[in-house]
$ cat upload-v4.pdb   # PDB, C-alpha atoms
ATOM      1  CA  MET W 110      96.429 122.847  77.545
ATOM      2  CA  ARG W 111      98.499 120.491  75.377
ATOM      3  CA  SER W 112     101.812 121.082  73.630
ATOM      4  CA  PRO W 113     101.778 122.251  69.994
ATOM      5  CA  SER W 114     101.367 119.786  67.150
ATOM      6  CA  TYR W 115     102.677 121.515  64.012
ATOM      7  CA  PHE W 116     105.888 123.426  63.240
ATOM      8  CA  GLU W 117     104.118 126.770  62.912
ATOM      9  CA  ASP W 118     102.624 126.472  66.399
ATOM     10  CA  PHE W 119     105.937 126.228  68.309
ATOM     11  CA  LYS W 120     106.941 129.689  69.588
ATOM     12  CA  ILE W 121     110.600 130.345  70.450
ATOM     13  CA  GLY W 122     111.082 131.279  74.111
ATOM     14  CA  VAL W 123     107.786 129.817  75.319
ATOM     15  CA  SER W 124     107.930 127.508  78.369
ATOM     16  CA  GLU W 125     105.320 125.068  79.612
ATOM     17  CA  GLU W 126     105.203 123.202  82.915
ATOM     18  CA  PHE W 127     103.326 119.924  83.210
ATOM     19  CA  GLY W 128     103.261 116.433  84.659
ATOM     20  CA  GLU W 129     103.069 114.883  88.088
ATOM     21  CA  TYR W 130     104.725 111.476  88.412
ATOM     22  CA  THR W 131     105.387 109.847  91.761
ATOM     23  CA  VAL W 132     108.280 107.393  91.577
ATOM     24  CA  THR W 133     107.805 104.286  93.712
ATOM     25  CA  GLU W 134     110.511 102.044  95.124
ATOM     26  CA  GLU W 135     108.864  99.115  93.339
ATOM     27  CA  GLU W 136     109.185 100.856  89.969
ATOM     28  CA  ILE W 137     112.814 101.867  90.615
ATOM     29  CA  LEU W 138     113.696  98.248  91.412
ATOM     30  CA  GLU W 139     111.732  96.875  88.454
ATOM     31  CA  PHE W 140     113.403  99.188  85.915
ATOM     32  CA  ALA W 141     116.884  98.730  87.419
ATOM     33  CA  SER W 142     116.562  94.935  87.576
ATOM     34  CA  LYS W 143     115.813  94.887  83.873
ATOM     35  CA  TYR W 144     118.006  97.646  82.459
ATOM     36  CA  ASP W 145     120.515  99.057  84.947
ATOM     37  CA  PRO W 146     121.294  96.490  87.682
ATOM     38  CA  GLN W 147     124.022  98.465  89.448
ATOM     39  CA  PRO W 148     123.922  97.972  93.252
ATOM     40  CA  PHE W 149     122.953 101.577  94.091
ATOM     41  CA  HIS W 150     119.818 101.236  91.903
ATOM     42  CA  LEU W 151     118.879  97.936  93.583
ATOM     43  CA  SER W 152     119.355  98.393  97.333
ATOM     44  CA  GLU W 153     119.135 101.055 100.003
ATOM     45  CA  GLU W 154     122.352  99.812 101.619
ATOM     46  CA  ALA W 155     124.401 100.079  98.417
ATOM     47  CA  GLY W 156     122.959 103.552  97.764
ATOM     48  CA  LYS W 157     123.882 104.682 101.268
ATOM     49  CA  SER W 158     127.499 103.677 100.733
ATOM     50  CA  MET W 159     127.662 106.061  97.730
ATOM     51  CA  HIS W 160     127.460 109.865  97.564
ATOM     52  CA  PHE W 161     123.802 109.387  96.482
ATOM     53  CA  GLY W 162     122.828 108.652 100.083
ATOM     54  CA  GLY W 163     120.273 105.909  99.367
ATOM     55  CA  LEU W 164     118.512 103.825  96.734
ATOM     56  CA  CYS W 165     118.021 105.991  93.646
ATOM     57  CA  ALA W 166     116.527 105.556  90.179
ATOM     58  CA  SER W 167     118.595 104.776  87.092
ATOM     59  CA  GLY W 168     119.192 107.959  85.124
ATOM     60  CA  TRP W 169     117.650 106.201  82.111
ATOM     61  CA  HIS W 170     114.571 105.551  84.199
ATOM     62  CA  THR W 171     114.289 109.295  84.865
ATOM     63  CA  CYS W 172     114.564 109.870  81.096
ATOM     64  CA  ALA W 173     111.777 107.337  80.494
ATOM     65  CA  ILE W 174     109.531 108.914  83.159
ATOM     66  CA  ALA W 175     110.090 112.377  81.663
ATOM     67  CA  MET W 176     109.151 110.996  78.230
ATOM     68  CA  ARG W 177     105.909 109.615  79.653
ATOM     69  CA  MET W 178     104.989 113.040  81.012
ATOM     70  CA  ILE W 179     105.888 114.631  77.654
ATOM     71  CA  VAL W 180     103.759 112.147  75.690
ATOM     72  CA  ASP W 181     100.835 112.648  78.097
ATOM     73  CA  HIS W 182     101.116 116.391  77.399
ATOM     74  CA  MET W 183     101.083 115.953  73.600
ATOM     75  CA  PRO W 184      97.874 116.524  71.637
ATOM     76  CA  LYS W 185      95.727 113.367  71.792
ATOM     77  CA  THR W 186      95.964 112.994  68.045
ATOM     78  CA  ASN W 187      99.435 114.338  67.392
ATOM     79  CA  LYS W 188      99.653 114.583  63.628
ATOM     80  CA  GLY W 189     102.845 116.659  63.717
ATOM     81  CA  ALA W 190     105.308 114.367  65.513
ATOM     82  CA  LEU W 191     107.993 112.818  63.287
ATOM     83  CA  GLY W 192     110.292 111.520  66.021
ATOM     84  CA  SER W 193     113.661 112.720  67.269
ATOM     85  CA  PRO W 194     117.162 112.274  65.830
ATOM     86  CA  GLY W 195     118.698 112.840  69.247
ATOM     87  CA  ILE W 196     119.355 114.758  72.448
ATOM     88  CA  ASP W 197     122.124 117.127  73.458
ATOM     89  CA  GLU W 198     123.516 117.848  76.931
ATOM     90  CA  LEU W 199     121.630 115.277  78.977
ATOM     91  CA  ARG W 200     122.489 115.984  82.629
ATOM     92  CA  TRP W 201     121.543 114.115  85.802
ATOM     93  CA  THR W 202     121.909 116.781  88.472
ATOM     94  CA  LYS W 203     120.355 115.161  91.571
ATOM     95  CA  PRO W 204     119.409 111.589  92.465
ATOM     96  CA  VAL W 205     115.749 110.540  92.163
ATOM     97  CA  PHE W 206     114.607 108.715  95.316
ATOM     98  CA  PRO W 207     111.537 106.545  96.051
ATOM     99  CA  GLY W 208     108.561 108.802  96.767
ATOM    100  CA  ASP W 209     109.864 111.726  94.698
ATOM    101  CA  CYS W 210     107.206 113.486  92.640
ATOM    102  CA  LEU W 211     108.550 114.736  89.299
ATOM    103  CA  ARG W 212     107.335 117.364  86.836
ATOM    104  CA  VAL W 213     108.642 118.808  83.547
ATOM    105  CA  LYS W 214     109.409 122.324  82.372
ATOM    106  CA  SER W 215     109.756 122.403  78.596
ATOM    107  CA  THR W 216     111.123 125.427  76.706
ATOM    108  CA  ILE W 217     111.322 126.077  72.948
ATOM    109  CA  LEU W 218     114.911 127.246  72.351
ATOM    110  CA  ASP W 219     114.861 127.531  68.558
ATOM    111  CA  LYS W 220     113.226 126.217  65.379
ATOM    112  CA  LYS W 221     114.369 125.788  61.794
ATOM    113  CA  ALA W 222     112.360 125.010  58.692
ATOM    114  CA  SER W 223     113.909 122.259  56.561
ATOM    115  CA  LYS W 224     115.437 123.486  53.310
ATOM    116  CA  SER W 225     115.335 120.112  51.598
ATOM    117  CA  ARG W 226     111.917 118.989  52.871
ATOM    118  CA  PRO W 227     109.416 121.860  52.692
ATOM    119  CA  ASN W 228     106.735 120.004  54.653
ATOM    120  CA  MET W 229     108.718 119.732  57.904
ATOM    121  CA  GLY W 230     111.020 121.484  60.342
ATOM    122  CA  THR W 231     113.169 120.966  63.430
ATOM    123  CA  ILE W 232     112.392 122.174  66.962
ATOM    124  CA  PHE W 233     115.234 122.635  69.484
ATOM    125  CA  MET W 234     113.925 122.235  73.036
ATOM    126  CA  GLN W 235     115.134 122.205  76.609
ATOM    127  CA  ASN W 236     113.427 119.890  79.073
ATOM    128  CA  GLU W 237     114.038 120.265  82.789
ATOM    129  CA  VAL W 238     112.723 117.786  85.366
ATOM    130  CA  PHE W 239     112.169 118.982  88.940
ATOM    131  CA  ASN W 240     111.285 117.093  92.109
ATOM    132  CA  GLN W 241     108.760 118.092  94.800
ATOM    133  CA  ASN W 242     111.402 120.329  96.424
ATOM    134  CA  ASP W 243     111.871 122.267  93.167
ATOM    135  CA  GLU W 244     115.323 120.742  92.754
ATOM    136  CA  LEU W 245     116.445 120.132  89.179
ATOM    137  CA  VAL W 246     117.049 116.376  88.874
ATOM    138  CA  MET W 247     117.575 116.195  85.102
ATOM    139  CA  SER W 248     117.860 118.398  82.035
ATOM    140  CA  ASN W 249     118.373 117.781  78.352
ATOM    141  CA  LYS W 250     118.038 119.394  74.933
ATOM    142  CA  PRO W 251     115.959 117.299  72.522
ATOM    143  CA  ILE W 252     115.960 117.805  68.784
ATOM    144  CA  VAL W 253     112.471 117.109  67.466
ATOM    145  CA  MET W 254     111.215 116.830  63.892
ATOM    146  CA  VAL W 255     107.668 118.023  63.218
ATOM    147  CA  LYS W 256     105.404 118.413  60.216
ATOM    148  CA  LYS W 257     104.260 121.746  58.903
ATOM    149  CA  ASN W 258     100.529 122.354  58.882
ATOM    150  CA  THR W 259      99.869 122.085  55.183
ATOM    151  CA  SER W 260      96.129 121.561  55.540
TER     152      SER W 260
ATOM    153  CA  MET U 293     137.007  90.223  79.412
ATOM    154  CA  ARG U 294     135.224  92.918  81.441
ATOM    155  CA  SER U 295     135.505  96.709  81.264
ATOM    156  CA  PRO U 296     137.973  98.475  83.604
ATOM    157  CA  SER U 297     137.031  99.315  87.170
ATOM    158  CA  TYR U 298     139.419 102.069  88.302
ATOM    159  CA  PHE U 299     140.521 105.376  86.741
ATOM    160  CA  GLU U 300     144.073 104.188  86.104
ATOM    161  CA  ASP U 301     142.846 101.202  84.084
ATOM    162  CA  PHE U 302     140.976 103.188  81.403
ATOM    163  CA  LYS U 303     143.224 103.674  78.360
ATOM    164  CA  ILE U 304     142.451 106.510  75.932
ATOM    165  CA  GLY U 305     141.717 105.246  72.413
ATOM    166  CA  VAL U 306     140.863 101.695  73.442
ATOM    167  CA  SER U 307     137.596 100.235  72.081
ATOM    168  CA  GLU U 308     135.686  97.195  73.296
ATOM    169  CA  GLU U 309     132.792  95.391  71.628
ATOM    170  CA  PHE U 310     130.325  93.403  73.674
ATOM    171  CA  GLY U 311     126.701  92.451  74.194
ATOM    172  CA  GLU U 312     124.043  90.535  72.334
ATOM    173  CA  TYR U 313     120.483  91.624  73.042
ATOM    174  CA  THR U 314     117.558  90.492  70.926
ATOM    175  CA  VAL U 315     114.681  92.957  71.095
ATOM    176  CA  THR U 316     111.255  91.340  71.081
ATOM    177  CA  GLU U 317     107.969  92.891  69.963
ATOM    178  CA  GLU U 318     106.565  92.107  73.409
ATOM    179  CA  GLU U 319     109.322  94.103  75.113
ATOM    180  CA  ILE U 320     108.953  97.044  72.698
ATOM    181  CA  LEU U 321     105.214  97.202  73.451
ATOM    182  CA  GLU U 322     105.721  96.815  77.212
ATOM    183  CA  PHE U 323     108.285  99.627  77.445
ATOM    184  CA  ALA U 324     106.331 101.940  75.130
ATOM    185  CA  SER U 325     103.030 101.346  76.930
ATOM    186  CA  LYS U 326     104.639 102.440  80.163
ATOM    187  CA  TYR U 327     107.011 105.208  79.097
ATOM    188  CA  ASP U 328     106.576 106.308  75.473
ATOM    189  CA  PRO U 329     103.041 105.539  74.247
ATOM    190  CA  GLN U 330     103.331 107.213  70.851
ATOM    191  CA  PRO U 331     101.441 105.293  68.128
ATOM    192  CA  PHE U 332     104.543 104.285  66.123
ATOM    193  CA  HIS U 333     105.954 102.544  69.241
ATOM    194  CA  LEU U 334     102.672 100.702  69.849
ATOM    195  CA  SER U 335     101.464  99.372  66.498
ATOM    196  CA  GLU U 336     102.818  98.089  63.219
ATOM    197  CA  GLU U 337     100.205 100.068  61.278
ATOM    198  CA  ALA U 338     101.133 103.392  62.874
ATOM    199  CA  GLY U 339     104.825 102.679  62.313
ATOM    200  CA  LYS U 340     104.178 101.878  58.643
ATOM    201  CA  SER U 341     102.517 105.259  58.134
ATOM    202  CA  MET U 342     105.740 106.972  59.299
ATOM    203  CA  HIS U 343     109.204 107.112  57.705
ATOM    204  CA  PHE U 344     110.221 104.379  60.222
ATOM    205  CA  GLY U 345     108.448 101.777  58.106
ATOM    206  CA  GLY U 346     106.998  99.704  60.967
ATOM    207  CA  LEU U 347     106.697  99.253  64.716
ATOM    208  CA  CYS U 348     109.950 100.444  66.322
ATOM    209  CA  ALA U 349     111.331 100.749  69.840
ATOM    210  CA  SER U 350     111.284 103.982  71.825
ATOM    211  CA  GLY U 351     114.692 105.656  71.648
ATOM    212  CA  TRP U 352     114.750 105.615  75.458
ATOM    213  CA  HIS U 353     114.214 101.868  75.313
ATOM    214  CA  THR U 354     117.315 101.548  73.124
ATOM    215  CA  CYS U 355     119.226 103.618  75.721
ATOM    216  CA  ALA U 356     118.003 101.299  78.486
ATOM    217  CA  ILE U 357     118.959  98.165  76.521
ATOM    218  CA  ALA U 358     122.435  99.586  75.843
ATOM    219  CA  MET U 359     122.828 100.308  79.564
ATOM    220  CA  ARG U 360     121.960  96.709  80.364
ATOM    221  CA  MET U 361     124.678  95.466  78.011
ATOM    222  CA  ILE U 362     127.150  97.957  79.562
ATOM    223  CA  VAL U 363     126.332  96.858  83.125
ATOM    224  CA  ASP U 364     126.637  93.190  82.128
ATOM    225  CA  HIS U 365     130.116  93.999  80.788
ATOM    226  CA  MET U 366     131.239  95.756  84.007
ATOM    227  CA  PRO U 367     133.401  93.892  86.543
ATOM    228  CA  LYS U 368     131.158  91.738  88.759
ATOM    229  CA  THR U 369     132.221  93.717  91.813
ATOM    230  CA  ASN U 370     132.696  97.150  90.314
ATOM    231  CA  LYS U 371     134.318  99.162  93.076
ATOM    232  CA  GLY U 372     135.228 102.039  90.772
ATOM    233  CA  ALA U 373     131.835 103.205  89.482
ATOM    234  CA  LEU U 374     130.620 106.515  90.918
ATOM    235  CA  GLY U 375     127.771 107.155  88.478
ATOM    236  CA  SER U 376     127.391 109.594  85.604
ATOM    237  CA  PRO U 377     126.600 113.317  85.575
ATOM    238  CA  GLY U 378     125.321 113.072  82.007
ATOM    239  CA  ILE U 379     125.572 112.249  78.341
ATOM    240  CA  ASP U 380     126.490 114.350  75.309
ATOM    241  CA  GLU U 381     125.376 113.958  71.697
ATOM    242  CA  LEU U 382     122.850 111.171  72.036
ATOM    243  CA  ARG U 383     121.786 110.237  68.496
ATOM    244  CA  TRP U 384     119.162 107.786  67.253
ATOM    245  CA  THR U 385     120.363 107.004  63.743
ATOM    246  CA  LYS U 386     118.168 104.061  62.690
ATOM    247  CA  PRO U 387     114.931 102.583  64.048
ATOM    248  CA  VAL U 388     115.143  99.448  66.206
ATOM    249  CA  PHE U 389     112.623  96.828  65.053
ATOM    250  CA  PRO U 390     111.276  93.649  66.691
ATOM    251  CA  GLY U 391     113.801  90.852  66.239
ATOM    252  CA  ASP U 392     116.810  93.156  65.961
ATOM    253  CA  CYS U 393     119.899  91.915  67.797
ATOM    254  CA  LEU U 394     121.934  94.761  69.286
ATOM    255  CA  ARG U 395     125.539  95.034  70.478
ATOM    256  CA  VAL U 396     127.736  97.835  71.862
ATOM    257  CA  LYS U 397     131.074  99.291  70.808
ATOM    258  CA  SER U 398     132.519 101.393  73.607
ATOM    259  CA  THR U 399     135.537 103.686  73.136
ATOM    260  CA  ILE U 400     137.537 105.682  75.703
ATOM    261  CA  LEU U 401     137.807 109.200  74.204
ATOM    262  CA  ASP U 402     139.548 110.971  77.080
ATOM    263  CA  LYS U 403     140.100 110.959  80.864
ATOM    264  CA  LYS U 404     140.805 113.642  83.423
ATOM    265  CA  ALA U 405     141.891 113.321  87.043
ATOM    266  CA  SER U 406     139.878 115.519  89.382
ATOM    267  CA  LYS U 407     141.790 118.506  90.755
ATOM    268  CA  SER U 408     139.538 118.999  93.763
ATOM    269  CA  ARG U 409     139.024 115.320  94.625
ATOM    270  CA  PRO U 410     142.308 113.394  94.378
ATOM    271  CA  ASN U 411     140.650 109.980  94.776
ATOM    272  CA  MET U 412     138.592 110.162  91.572
ATOM    273  CA  GLY U 413     138.531 111.115  87.913
ATOM    274  CA  THR U 414     136.270 111.503  84.903
ATOM    275  CA  ILE U 415     136.153 109.225  81.848
ATOM    276  CA  PHE U 416     134.786 110.538  78.535
ATOM    277  CA  MET U 417     133.407 107.694  76.434
ATOM    278  CA  GLN U 418     131.631 107.028  73.167
ATOM    279  CA  ASN U 419     129.114 104.229  72.983
ATOM    280  CA  GLU U 420     127.821 103.018  69.645
ATOM    281  CA  VAL U 421     125.004 100.493  69.302
ATOM    282  CA  PHE U 422     124.810  98.371  66.147
ATOM    283  CA  ASN U 423     122.154  95.968  64.899
ATOM    284  CA  GLN U 424     122.660  92.542  63.299
ATOM    285  CA  ASN U 425     123.251  94.229  59.906
ATOM    286  CA  ASP U 426     126.120  96.325  61.365
ATOM    287  CA  GLU U 427     123.976  99.443  61.064
ATOM    288  CA  LEU U 428     124.542 102.089  63.737
ATOM    289  CA  VAL U 429     121.194 102.522  65.514
ATOM    290  CA  MET U 430     122.362 104.772  68.369
ATOM    291  CA  SER U 431     125.425 106.607  69.627
ATOM    292  CA  ASN U 432     126.181 108.769  72.633
ATOM    293  CA  LYS U 433     129.032 110.203  74.686
ATOM    294  CA  PRO U 434     128.707 109.387  78.388
ATOM    295  CA  ILE U 435     130.625 111.215  81.093
ATOM    296  CA  VAL U 436     131.485 108.723  83.822
ATOM    297  CA  MET U 437     132.995 109.313  87.267
ATOM    298  CA  VAL U 438     135.290 106.593  88.625
ATOM    299  CA  LYS U 439     137.443 106.076  91.691
ATOM    300  CA  LYS U 440     141.205 105.902  91.590
ATOM    301  CA  ASN U 441     142.777 102.681  92.771
ATOM    302  CA  THR U 442     144.153 103.839  96.090
ATOM    303  CA  SER U 443     144.551 100.352  97.542
TER     304      SER U 443
END
$ encode --input "upload-v4.pdb" --output "structure tokens"
Amino acid sequence: MRSPSYFEDFKIGVSEEFGEYTVTEEEILEFASKYDPQPFHLSEEAGKSMHFGGLCASGWHTCAIAMRMIVDHMPKTNKGALGSPGIDELRWTKPVFPGDCLRVKSTILDKKASKSRPNMGTIFMQNEVFNQNDELVMSNKPIVMVKKNTS
Amino acid sequence: MRSPSYFEDFKIGVSEEFGEYTVTEEEILEFASKYDPQPFHLSEEAGKSMHFGGLCASGWHTCAIAMRMIVDHMPKTNKGALGSPGIDELRWTKPVFPGDCLRVKSTILDKKASKSRPNMGTIFMQNEVFNQNDELVMSNKPIVMVKKNTS
């Protein structure tokens, strides 16, 4: 089952769980080398010297991985998506280590029809990312703009 | 000049501007293919059919690029950085297009010494990312943990 496409189809309070993404050391190093080359994202030794306890993924990498799982869960032809103006309360709650397998729990918190643009509305969501031990590694609250189903 | 390393060195109200990152079409497609394969991040045609007006970078890609500029601006041996528990009010205010050249303005909003851990504190920042036309394309408010200078 895929996530809803149009404004009318999002139901407040509904949660969905989806995704299965195994994070490799190679991918952690590749992302960090390019976008977040802090020592604890680049070497096991540097990670061990921190409270993280070992090499761990950039928090932005975890965001990107979560987005991939979200997009894979969208309808194949998603005619409703209009993009996102932003995210509230992004929290990195546990480090993501090589070999971790991540999944997403996505909850519809609220929705509001646009007053000025009658063909669209805003969805307020909460996304939580868990690892294979059911530990919350990340959470955030995206604001998403979607079309109404005017067909 | 590099950003501060230790808690004591961060001054509330101080802003710094740094970075120069030209975003290529190739990089937009590479990031989106891997992490955010929505049509408007993958093709000019799909972007044109949206309010974006053309192919544009994933918002998470803009976050990653900003992080790279921030890390490049950190002290070369940054002994103060303890990572970040999260980000508030992330906003994507304008699309980022191929060829855009981005830079960061970083402001110290507030700082608080930890009561329970006397060797560290928390810095509350605002990062703004501008393009070559001085348009704000992204802003966010990171929460950053840093060591005190106990040497």
$ interface_residues --input "upload-v4.pdb" --of "chain W" --to "chain U" --cutoff "10 Å" --atoms "only C-alpha atoms" --output "JSON, numbers by chain"
{"W": [140, 141, 142, 143, 144, 145, 146, 147, 148, 149, 159, 160, 161, 167, 168, 169, 170, 172, 173, 174, 175, 176, 177, 178, 179, 180, 181, 183, 185, 186, 187, 190, 191, 192, 193, 194, 195, 196, 197, 198, 199, 200, 201, 202, 203, 247, 248, 249, 250, 251, 252]}
$ calpha_fit_and_write --input "upload-v4.pdb" --fixed "chain U" --moving "chain W" --output "tab-separated table (two decimals) with C-alpha atoms, keeping the file's coordinate frame"
chain	number	residue	atom	x	y	z
W	110	MET	CA	137.01	90.23	79.45
W	111	ARG	CA	135.22	92.93	81.47
W	112	SER	CA	135.51	96.70	81.27
W	113	PRO	CA	137.97	98.48	83.59
W	114	SER	CA	137.04	99.31	87.16
W	115	TYR	CA	139.42	102.06	88.29
W	116	PHE	CA	140.51	105.37	86.74
W	117	GLU	CA	144.07	104.19	86.10
W	118	ASP	CA	142.85	101.20	84.08
W	119	PHE	CA	140.97	103.18	81.39
W	120	LYS	CA	143.23	103.68	78.35
W	121	ILE	CA	142.46	106.52	75.92
W	122	GLY	CA	141.71	105.26	72.40
W	123	VAL	CA	140.86	101.70	73.44
W	124	SER	CA	137.60	100.23	72.08
W	125	GLU	CA	135.69	97.19	73.28
W	126	GLU	CA	132.79	95.40	71.61
W	127	PHE	CA	130.32	93.40	73.68
W	128	GLY	CA	126.71	92.43	74.22
W	129	GLU	CA	124.06	90.54	72.33
W	130	TYR	CA	120.48	91.62	73.05
W	131	THR	CA	117.56	90.50	70.92
W	132	VAL	CA	114.68	92.97	71.10
W	133	THR	CA	111.25	91.34	71.08
W	134	GLU	CA	107.98	92.90	69.98
W	135	GLU	CA	106.56	92.11	73.42
W	136	GLU	CA	109.32	94.11	75.12
W	137	ILE	CA	108.95	97.05	72.71
W	138	LEU	CA	105.22	97.21	73.45
W	139	GLU	CA	105.72	96.81	77.21
W	140	PHE	CA	108.28	99.63	77.45
W	141	ALA	CA	106.33	101.94	75.12
W	142	SER	CA	103.02	101.34	76.93
W	143	LYS	CA	104.64	102.44	80.16
W	144	TYR	CA	107.01	105.21	79.10
W	145	ASP	CA	106.58	106.32	75.49
W	146	PRO	CA	103.04	105.54	74.25
W	147	GLN	CA	103.33	107.22	70.85
W	148	PRO	CA	101.43	105.29	68.13
W	149	PHE	CA	104.53	104.27	66.13
W	150	HIS	CA	105.96	102.54	69.25
W	151	LEU	CA	102.66	100.71	69.86
W	152	SER	CA	101.46	99.37	66.50
W	153	GLU	CA	102.81	98.08	63.22
W	154	GLU	CA	100.20	100.05	61.28
W	155	ALA	CA	101.12	103.39	62.87
W	156	GLY	CA	104.82	102.66	62.30
W	157	LYS	CA	104.19	101.88	58.64
W	158	SER	CA	102.51	105.24	58.12
W	159	MET	CA	105.74	106.96	59.29
W	160	HIS	CA	109.20	107.11	57.69
W	161	PHE	CA	110.21	104.38	60.20
W	162	GLY	CA	108.43	101.77	58.10
W	163	GLY	CA	107.01	99.69	60.97
W	164	LEU	CA	106.70	99.27	64.72
W	165	CYS	CA	109.94	100.44	66.32
W	166	ALA	CA	111.33	100.75	69.84
W	167	SER	CA	111.29	103.98	71.83
W	168	GLY	CA	114.69	105.65	71.64
W	169	TRP	CA	114.75	105.61	75.45
W	170	HIS	CA	114.21	101.88	75.32
W	171	THR	CA	117.32	101.55	73.13
W	172	CYS	CA	119.22	103.62	75.71
W	173	ALA	CA	118.01	101.30	78.48
W	174	ILE	CA	118.97	98.17	76.52
W	175	ALA	CA	122.44	99.59	75.83
W	176	MET	CA	122.83	100.31	79.56
W	177	ARG	CA	121.96	96.70	80.37
W	178	MET	CA	124.68	95.47	78.03
W	179	ILE	CA	127.15	97.95	79.56
W	180	VAL	CA	126.33	96.86	83.13
W	181	ASP	CA	126.63	93.18	82.14
W	182	HIS	CA	130.11	94.00	80.80
W	183	MET	CA	131.22	95.75	84.01
W	184	PRO	CA	133.38	93.90	86.55
W	185	LYS	CA	131.14	91.75	88.77
W	186	THR	CA	132.22	93.71	91.80
W	187	ASN	CA	132.70	97.15	90.32
W	188	LYS	CA	134.33	99.15	93.08
W	189	GLY	CA	135.23	102.04	90.77
W	190	ALA	CA	131.83	103.20	89.48
W	191	LEU	CA	130.60	106.52	90.92
W	192	GLY	CA	127.76	107.15	88.48
W	193	SER	CA	127.39	109.59	85.60
W	194	PRO	CA	126.60	113.32	85.58
W	195	GLY	CA	125.33	113.08	82.01
W	196	ILE	CA	125.58	112.25	78.32
W	197	ASP	CA	126.49	114.35	75.32
W	198	GLU	CA	125.38	113.97	71.69
W	199	LEU	CA	122.84	111.18	72.04
W	200	ARG	CA	121.79	110.24	68.49
W	201	TRP	CA	119.17	107.78	67.25
W	202	THR	CA	120.36	107.00	63.74
W	203	LYS	CA	118.16	104.06	62.68
W	204	PRO	CA	114.93	102.58	64.04
W	205	VAL	CA	115.14	99.44	66.21
W	206	PHE	CA	112.62	96.83	65.05
W	207	PRO	CA	111.28	93.64	66.70
W	208	GLY	CA	113.80	90.84	66.23
W	209	ASP	CA	116.82	93.15	65.96
W	210	CYS	CA	119.90	91.91	67.79
W	211	LEU	CA	121.94	94.76	69.30
W	212	ARG	CA	125.55	95.03	70.47
W	213	VAL	CA	127.74	97.84	71.86
W	214	LYS	CA	131.07	99.29	70.81
W	215	SER	CA	132.53	101.40	73.61
W	216	THR	CA	135.54	103.69	73.13
W	217	ILE	CA	137.53	105.69	75.70
W	218	LEU	CA	137.80	109.20	74.21
W	219	ASP	CA	139.55	110.98	77.08
W	220	LYS	CA	140.10	110.97	80.85
W	221	LYS	CA	140.81	113.65	83.43
W	222	ALA	CA	141.90	113.31	87.03
W	223	SER	CA	139.89	115.51	89.40
W	224	LYS	CA	141.82	118.47	90.78
W	225	SER	CA	139.56	118.98	93.77
W	226	ARG	CA	139.02	115.31	94.65
W	227	PRO	CA	142.30	113.38	94.40
W	228	ASN	CA	140.64	109.98	94.79
W	229	MET	CA	138.58	110.15	91.58
W	230	GLY	CA	138.53	111.13	87.93
W	231	THR	CA	136.27	111.51	84.90
W	232	ILE	CA	136.16	109.23	81.85
W	233	PHE	CA	134.79	110.55	78.53
W	234	MET	CA	133.41	107.69	76.43
W	235	GLN	CA	131.65	107.05	73.16
W	236	ASN	CA	129.12	104.23	72.99
W	237	GLU	CA	127.82	103.02	69.65
W	238	VAL	CA	125.00	100.49	69.31
W	239	PHE	CA	124.80	98.38	66.14
W	240	ASN	CA	122.15	95.97	64.89
W	241	GLN	CA	122.67	92.54	63.29
W	242	ASN	CA	123.27	94.23	59.91
W	243	ASP	CA	126.11	96.32	61.37
W	244	GLU	CA	123.98	99.44	61.07
W	245	LEU	CA	124.54	102.09	63.73
W	246	VAL	CA	121.19	102.52	65.52
W	247	MET	CA	122.37	104.77	68.37
W	248	SER	CA	125.43	106.62	69.63
W	249	ASN	CA	126.19	108.78	72.62
W	250	LYS	CA	129.03	110.21	74.68
W	251	PRO	CA	128.72	109.40	78.39
W	252	ILE	CA	130.62	111.21	81.09
W	253	VAL	CA	131.49	108.73	83.83
W	254	MET	CA	133.00	109.31	87.27
W	255	VAL	CA	135.29	106.60	88.62
W	256	LYS	CA	137.43	106.06	91.69
W	257	LYS	CA	141.19	105.90	91.59
W	258	ASN	CA	142.76	102.67	92.78
W	259	THR	CA	144.16	103.84	96.08
W	260	SER	CA	144.59	100.35	97.51
$ residues_around --input "upload-v4.pdb" --residues "W:Phe233" --least-positions-apart "5" --cutoff "6 Å" --atoms "all atoms listed in the file" --output "VMD selection string"
chain W and resid 218 to 220 252
$ residues_near_point --input "upload-v4.pdb" --point "(146.0, 105.4, 93.2)" --cutoff "12 Å" --atoms "only C-alpha atoms" --output "PDB file with C-alpha atoms, in the coordinates of the input"
ATOM      1  CA  TYR U 298     139.419 102.069  88.302  1.00  0.00           C
ATOM      2  CA  PHE U 299     140.521 105.376  86.741  1.00  0.00           C
ATOM      3  CA  GLU U 300     144.073 104.188  86.104  1.00  0.00           C
ATOM      4  CA  ASP U 301     142.846 101.202  84.084  1.00  0.00           C
ATOM      5  CA  GLY U 372     135.228 102.039  90.772  1.00  0.00           C
ATOM      6  CA  ALA U 405     141.891 113.321  87.043  1.00  0.00           C
ATOM      7  CA  PRO U 410     142.308 113.394  94.378  1.00  0.00           C
ATOM      8  CA  ASN U 411     140.650 109.980  94.776  1.00  0.00           C
ATOM      9  CA  MET U 412     138.592 110.162  91.572  1.00  0.00           C
ATOM     10  CA  GLY U 413     138.531 111.115  87.913  1.00  0.00           C
ATOM     11  CA  VAL U 438     135.290 106.593  88.625  1.00  0.00           C
ATOM     12  CA  LYS U 439     137.443 106.076  91.691  1.00  0.00           C
ATOM     13  CA  LYS U 440     141.205 105.902  91.590  1.00  0.00           C
ATOM     14  CA  ASN U 441     142.777 102.681  92.771  1.00  0.00           C
ATOM     15  CA  THR U 442     144.153 103.839  96.090  1.00  0.00           C
ATOM     16  CA  SER U 443     144.551 100.352  97.542  1.00  0.00           C
TER      17      SER U 443
END
$ residues_near_point --input "upload-v4.pdb" --point "(110.6, 107.3, 87.8)" --cutoff "7 Å" --atoms "all atoms listed in the file" --output "PyMOL selection string"
chain W and resi 132+136-137+166+170-171+174
